[in-house]
$ cat target23.csv   # CSV, C-alpha atoms
chain,number,residue,atom,x,y,z
A,1,MET,CA,-5.6,6.8,10.5
A,2,VAL,CA,-7.7,8.3,7.7
A,3,SER,CA,-11.3,7.1,7.8
A,4,VAL,CA,-12.4,4.5,5.3
A,5,LEU,CA,-15.3,6.7,4.5
A,6,GLN,CA,-13.0,9.3,3.0
A,7,HIS,CA,-13.3,8.8,-0.8
A,8,ALA,CA,-10.2,8.8,-2.9
A,9,PRO,CA,-10.3,10.0,-6.5
A,10,ALA,CA,-11.3,7.4,-9.1
A,11,PHE,CA,-8.7,6.3,-11.6
A,12,HIS,CA,-9.8,4.3,-14.7
A,13,THR,CA,-7.9,1.2,-15.4
A,14,LYS,CA,-6.9,-0.3,-18.8
A,15,ILE,CA,-9.7,-2.8,-18.4
A,16,GLY,CA,-12.4,-0.3,-18.0
A,17,MET,CA,-13.0,-0.2,-14.2
A,18,SER,CA,-12.2,2.2,-11.4
A,19,ILE,CA,-9.8,0.9,-8.8
A,20,GLN,CA,-10.2,2.8,-5.5
A,21,ALA,CA,-8.6,0.5,-2.9
A,22,VAL,CA,-5.5,-1.7,-2.6
A,23,ILE,CA,-5.6,-4.6,-0.1
A,24,PHE,CA,-2.2,-5.9,1.0
A,25,ASP,CA,-1.4,-9.2,2.6
A,26,PHE,CA,1.3,-8.8,5.3
A,27,GLY,CA,3.5,-11.9,5.4
A,28,ASN,CA,5.8,-12.4,2.4
A,29,VAL,CA,4.3,-9.2,0.8
A,30,LEU,CA,5.0,-6.2,3.1
A,31,ALA,CA,7.4,-8.3,5.2
A,32,PHE,CA,9.2,-11.6,5.0
A,33,PHE,CA,8.8,-14.0,7.8
A,34,ASP,CA,10.7,-17.1,9.1
A,35,HIS,CA,9.0,-19.2,11.8
A,36,HIS,CA,12.3,-21.0,12.3
A,37,ARG,CA,13.7,-17.8,13.7
A,38,ALA,CA,11.2,-18.2,16.5
A,39,THR,CA,11.6,-21.9,17.0
A,40,ARG,CA,15.4,-21.6,17.2
A,41,HIS,CA,15.0,-19.3,20.2
A,42,LEU,CA,12.2,-21.3,21.8
A,43,ALA,CA,14.4,-24.5,21.5
A,44,GLN,CA,16.9,-22.8,23.8
A,45,ARG,CA,14.3,-23.0,26.6
A,46,SER,CA,13.2,-26.6,26.0
A,47,HIS,CA,14.6,-30.1,25.9
A,48,LEU,CA,13.0,-30.5,22.4
A,49,THR,CA,14.8,-29.7,19.2
A,50,GLU,CA,14.0,-26.8,17.0
A,51,GLU,CA,12.4,-29.1,14.5
A,52,GLU,CA,10.3,-30.9,17.1
A,53,ILE,CA,8.9,-27.6,18.3
A,54,PHE,CA,8.3,-26.4,14.7
A,55,GLN,CA,6.4,-29.7,14.0
A,56,ALA,CA,4.4,-29.4,17.3
A,57,ILE,CA,3.2,-25.9,16.3
A,58,PHE,CA,3.0,-25.5,12.6
A,59,THR,CA,1.9,-29.0,11.4
A,60,THR,CA,-1.0,-29.3,13.9
A,61,GLU,CA,-4.3,-27.4,14.4
A,62,LEU,CA,-2.6,-25.0,16.8
A,63,GLU,CA,-1.7,-22.3,14.2
A,64,ASP,CA,-5.2,-22.4,12.6
A,65,ALA,CA,-6.9,-22.1,16.0
A,66,LEU,CA,-4.6,-19.2,17.0
A,67,GLU,CA,-5.0,-17.4,13.7
A,68,SER,CA,-8.8,-17.8,13.7
A,69,GLY,CA,-9.2,-16.6,17.2
A,70,ARG,CA,-10.5,-19.9,18.6
A,71,LEU,CA,-7.4,-20.2,20.8
A,72,SER,CA,-6.2,-17.3,22.9
A,73,ALA,CA,-2.6,-16.2,23.1
A,74,PRO,CA,-2.3,-17.1,26.9
A,75,LYS,CA,-3.8,-20.6,26.3
A,76,PHE,CA,-1.4,-21.1,23.4
A,77,LEU,CA,1.6,-20.2,25.5
A,78,ASP,CA,0.4,-22.5,28.3
A,79,HIS,CA,0.3,-25.2,25.7
A,80,LEU,CA,3.9,-24.5,24.7
A,81,ARG,CA,5.0,-24.7,28.4
A,82,GLU,CA,3.1,-27.9,29.0
A,83,HIS,CA,3.6,-29.9,25.8
A,84,CYS,CA,7.0,-28.5,24.6
A,85,THR,CA,8.4,-28.0,28.1
A,86,ILE,CA,9.4,-24.4,27.2
A,87,GLU,CA,10.1,-22.2,30.1
A,88,GLY,CA,9.4,-18.5,30.3
A,89,SER,CA,6.7,-15.9,31.1
A,90,ASP,CA,4.0,-14.9,28.6
A,91,GLU,CA,5.8,-11.7,27.8
A,92,VAL,CA,9.1,-13.5,27.1
A,93,LEU,CA,7.6,-16.5,25.1
A,94,GLY,CA,5.2,-14.3,23.3
A,95,GLY,CA,8.0,-12.0,22.2
A,96,LEU,CA,10.1,-14.9,21.0
A,97,PHE,CA,7.2,-16.4,19.1
A,98,GLY,CA,6.2,-13.2,17.4
A,99,ASP,CA,9.7,-12.0,16.4
A,100,VAL,CA,9.8,-13.5,12.9
A,101,PHE,CA,9.5,-10.5,10.5
A,102,THR,CA,12.0,-8.6,8.3
A,103,PRO,CA,10.9,-5.7,6.0
A,104,ASN,CA,10.3,-6.1,2.3
A,105,PRO,CA,11.5,-2.5,1.6
A,106,GLU,CA,10.5,-2.3,-2.0
A,107,VAL,CA,6.8,-3.1,-1.2
A,108,CYS,CA,6.8,-1.0,2.0
A,109,SER,CA,8.0,2.0,-0.1
A,110,LEU,CA,5.0,1.6,-2.4
A,111,VAL,CA,2.6,2.2,0.4
A,112,PRO,CA,3.1,6.0,1.0
A,113,ARG,CA,3.1,6.5,-2.8
A,114,LEU,CA,-0.3,4.8,-3.2
A,115,LYS,CA,-1.8,6.5,-0.2
A,116,PRO,CA,-2.7,9.9,-1.8
A,117,ARG,CA,-4.8,8.2,-4.5
A,118,TYR,CA,-6.2,5.0,-3.0
A,119,ARG,CA,-7.6,3.6,0.2
A,120,LEU,CA,-5.3,1.0,1.7
A,121,VAL,CA,-6.4,-2.1,3.7
A,122,LEU,CA,-4.2,-4.8,5.3
A,123,GLY,CA,-5.7,-8.3,5.2
A,124,SER,CA,-3.6,-10.8,7.1
A,125,ASN,CA,-4.0,-14.3,8.5
A,126,CYS,CA,-2.1,-13.8,11.7
A,127,THR,CA,-1.9,-14.7,15.4
A,128,PRO,CA,-2.3,-12.1,18.2
A,129,LEU,CA,1.3,-12.6,19.1
A,130,HIS,CA,2.5,-11.9,15.5
A,131,SER,CA,0.2,-8.9,15.0
A,132,HIS,CA,1.3,-7.4,18.4
A,133,ARG,CA,4.9,-7.6,17.1
A,134,PHE,CA,4.4,-6.3,13.6
A,135,LEU,CA,2.0,-3.5,14.5
A,136,SER,CA,4.8,-2.0,16.5
A,137,GLN,CA,7.7,-3.0,14.2
A,138,PHE,CA,6.0,-1.7,11.0
A,139,ALA,CA,4.2,1.3,12.5
A,140,ASP,CA,5.7,3.7,10.1
A,141,THR,CA,4.3,1.8,7.2
A,142,LEU,CA,1.0,0.7,8.7
A,143,VAL,CA,0.1,4.3,9.7
A,144,HIS,CA,-0.9,4.9,6.0
A,145,PHE,CA,-3.6,2.2,6.1
A,146,ASP,CA,-7.3,3.0,6.4
A,147,GLY,CA,-8.2,-0.4,7.8
A,148,LEU,CA,-6.5,-3.5,9.3
A,149,VAL,CA,-8.3,-6.9,8.9
A,150,LEU,CA,-6.6,-9.4,11.1
A,151,SER,CA,-7.9,-13.0,11.1
A,152,HIS,CA,-7.6,-13.6,14.8
A,153,GLU,CA,-9.7,-10.5,15.5
A,154,ILE,CA,-12.6,-11.2,13.0
A,155,GLY,CA,-12.6,-15.0,13.6
A,156,VAL,CA,-12.0,-16.2,10.1
A,157,ARG,CA,-9.0,-16.8,7.9
A,158,LYS,CA,-8.3,-16.5,4.2
A,159,PRO,CA,-9.4,-17.9,1.8
A,160,ARG,CA,-12.9,-17.9,3.4
A,161,ALA,CA,-15.3,-15.5,1.8
A,162,ARG,CA,-16.1,-13.6,5.0
A,163,PHE,CA,-12.5,-12.5,5.3
A,164,TYR,CA,-12.6,-10.7,1.9
A,165,GLU,CA,-16.0,-9.3,2.6
A,166,GLU,CA,-14.6,-7.6,5.7
A,167,CYS,CA,-11.7,-6.2,3.7
A,168,VAL,CA,-14.1,-4.7,1.1
A,169,ARG,CA,-16.2,-3.3,3.9
A,170,ARG,CA,-13.2,-1.6,5.5
A,171,ALA,CA,-12.2,-0.3,2.0
A,172,GLY,CA,-15.6,1.3,1.7
A,173,CYS,CA,-16.2,0.5,-2.0
A,174,ARG,CA,-17.4,-2.2,-4.3
A,175,PRO,CA,-15.5,-5.5,-4.6
A,176,ASP,CA,-14.5,-4.8,-8.2
A,177,GLU,CA,-13.0,-1.5,-7.1
A,178,CYS,CA,-10.5,-3.4,-4.9
A,179,VAL,CA,-7.2,-5.1,-5.8
A,180,PHE,CA,-6.0,-7.8,-3.4
A,181,ILE,CA,-2.3,-8.7,-3.2
A,182,ASP,CA,-1.2,-12.0,-1.7
A,183,ASP,CA,1.8,-14.4,-2.2
A,184,LEU,CA,-0.5,-17.5,-2.1
A,185,PRO,CA,-2.4,-18.3,-5.2
A,186,ALA,CA,-5.2,-19.9,-3.2
A,187,ASN,CA,-5.8,-16.7,-1.2
A,188,VAL,CA,-5.9,-14.6,-4.4
A,189,ALA,CA,-8.4,-17.1,-5.9
A,190,GLY,CA,-10.5,-16.7,-2.8
A,191,ALA,CA,-10.6,-12.9,-3.3
A,192,GLU,CA,-11.4,-13.2,-7.0
A,193,ALA,CA,-14.3,-15.6,-6.2
A,194,CYS,CA,-15.7,-12.7,-4.1
A,195,GLY,CA,-15.4,-10.3,-7.1
A,196,VAL,CA,-12.2,-8.6,-5.9
A,197,ARG,CA,-9.4,-8.2,-8.4
A,198,GLY,CA,-6.3,-10.3,-7.5
A,199,ILE,CA,-2.5,-10.2,-7.9
A,200,VAL,CA,-0.2,-13.0,-6.9
A,201,TYR,CA,2.9,-11.4,-5.4
A,202,ARG,CA,6.2,-12.7,-6.7
A,203,HIS,CA,8.7,-9.8,-6.9
A,204,PRO,CA,8.5,-6.0,-6.4
A,205,ASP,CA,9.1,-5.2,-10.1
A,206,ASP,CA,6.5,-7.7,-11.1
A,207,LEU,CA,4.1,-6.2,-8.6
A,208,SER,CA,4.5,-2.7,-9.9
A,209,ALA,CA,3.9,-3.9,-13.5
A,210,LYS,CA,0.7,-5.7,-12.4
A,211,LEU,CA,-0.6,-2.7,-10.5
A,212,ARG,CA,0.0,-0.6,-13.6
A,213,ASP,CA,-2.0,-3.2,-15.6
A,214,PHE,CA,-4.9,-2.3,-13.4
A,215,GLY,CA,-4.4,1.4,-14.1
A,216,ILE,CA,-3.0,2.0,-10.6
A,217,LEU,CA,-0.4,4.8,-10.4
A,218,VAL,CA,2.7,3.7,-8.6

$ encode --input "target23.csv" --output "structure tokens"
Amino acid sequence: MVSVLQHAPAFHTKIGMSIQAVIFDFGNVLAFFDHHRATRHLAQRSHLTEEEIFQAIFTTELEDALESGRLSAPKFLDHLREHCTIEGSDEVLGGLFGDVFTPNPEVCSLVPRLKPRYRLVLGSNCTPLHSHRFLSQFADTLVHFDGLVLSHEIGVRKPRARFYEECVRRAGCRPDECVFIDDLPANVAGAEACGVRGIVYRHPDDLSAKLRDFGILV
């Protein structure tokens, strides 16, 4: 990967500032995800229903603990085996749990077009099991990024300020020289509170128009 210390050319936006870095969320921006895809497969190894497994994982503190690094992947999988009576090795269960992503091709295709002019950073709330999967599955896209900020590695999730501060540090420029893209308005608001420019992702065409509003060449 290109060093975050390598400076890209400055391009002046329509609002009088120079955008030098684009920070992408992963889930529902670069890729779509469906947790039910994982729980359907996990239910085949348990006496619980798919919905019961979904509720046990995604409506409790488990997901937050796993994404923020307070709970390790092996301990999480032990919890699944014990409390959801799911059978399987760490490798098998981790693979099933992490296999939830499908590409968003229009946004993925933006990445190599932006790379020659801007520094690129990924900023994702994710578990180690999910990142293990998508770092391999989306390697051809992620190779263009200068930095990867993963919540479970840095110990904090969006929309906490320290998450965005780490993204800006990896970008190697000022907050107001960064644009942050996320599908959740609360996460974009968190970035803007840190001085980062924000875009709420809705649709590829809308994203391209919003990037152009910031003077970003796409």

$ residues_near_point --input "target23.csv" --point "(0.9, -27.7, 24.8)" --cutoff "12 Å" --atoms "only C-alpha atoms" --output "PyMOL selection string"
chain A and resi 53+56-57+60-62+71+74-87

$ residues_around --input "target23.csv" --residues "A:Ala171" --least-positions-apart "5" --cutoff "8 Å" --atoms "only C-alpha atoms" --output "PyMOL selection string"
chain A and resi 4+21+119-121+146-147+178

$ residues_around --input "target23.csv" --residues "stretch 107-116 of chain A" --least-positions-apart "5" --cutoff "7 Å" --atoms "only C-alpha atoms" --output "PyMOL selection string"
chain A and resi 29-30+141+144+204+218

$ closest_residue --input "target23.csv" --among "A:Gly172, A:Gly69, A:Gly155, A:Gly123" --to "A:Ile23" --atoms "only C-alpha atoms"
A:Gly123

$ residues_around --input "target23.csv" --residues "A:Gln137" --least-positions-apart "2" --cutoff "12 Å" --atoms "only C-alpha atoms" --output "VMD selection string"
chain A and resid 30 to 31 98 to 103 130 to 135 139 to 143

$ closest_residue --input "target23.csv" --among "A:Leu122, A:Ala189, A:Leu129, A:Ala73" --to "A:Val168" --atoms "all atoms listed in the file"
A:Leu122

$ residues_around --input "target23.csv" --residues "A:Glu192" --least-positions-apart "6" --cutoff "12 Å" --atoms "all atoms listed in the file" --output "PyMOL selection string"
chain A and resi 159-161+164-165+175-182+185-186+198-200

$ atom_distance --input "target23.csv" --atom1 "atom CA of A:Arg117" --atom2 "atom CA of A:Ser208"
15.3 Å

$ atom_distance --input "target23.csv" --atom1 "atom CA of A:Leu42" --atom2 "atom CA of A:Ser136"
21.3 Å

$ closest_residue --input "target23.csv" --among "A:Leu96, A:Cys173, A:Ala209, A:Leu184" --to "A:Gly27" --atoms "all atoms listed in the file"
A:Leu184

$ closest_residue --input "target23.csv" --among "A:Arg157, A:Leu207, A:Pro105, A:Glu166" --to "A:Asn187" --atoms "all atoms listed in the file"
A:Arg157

$ closest_residue --input "target23.csv" --among "A:Asp205, A:Asp90, A:Asp213, A:Glu67" --to "A:Cys126" --atoms "all atoms listed in the file"
A:Glu67

$ closest_residue --input "target23.csv" --among "A:Val156, A:Arg162, A:His41, A:Phe24" --to "A:Ala193" --atoms "all atoms listed in the file"
A:Arg162

$ atom_distance --input "target23.csv" --atom1 "atom CA of A:Phe54" --atom2 "atom CA of A:His36"
7.1 Å
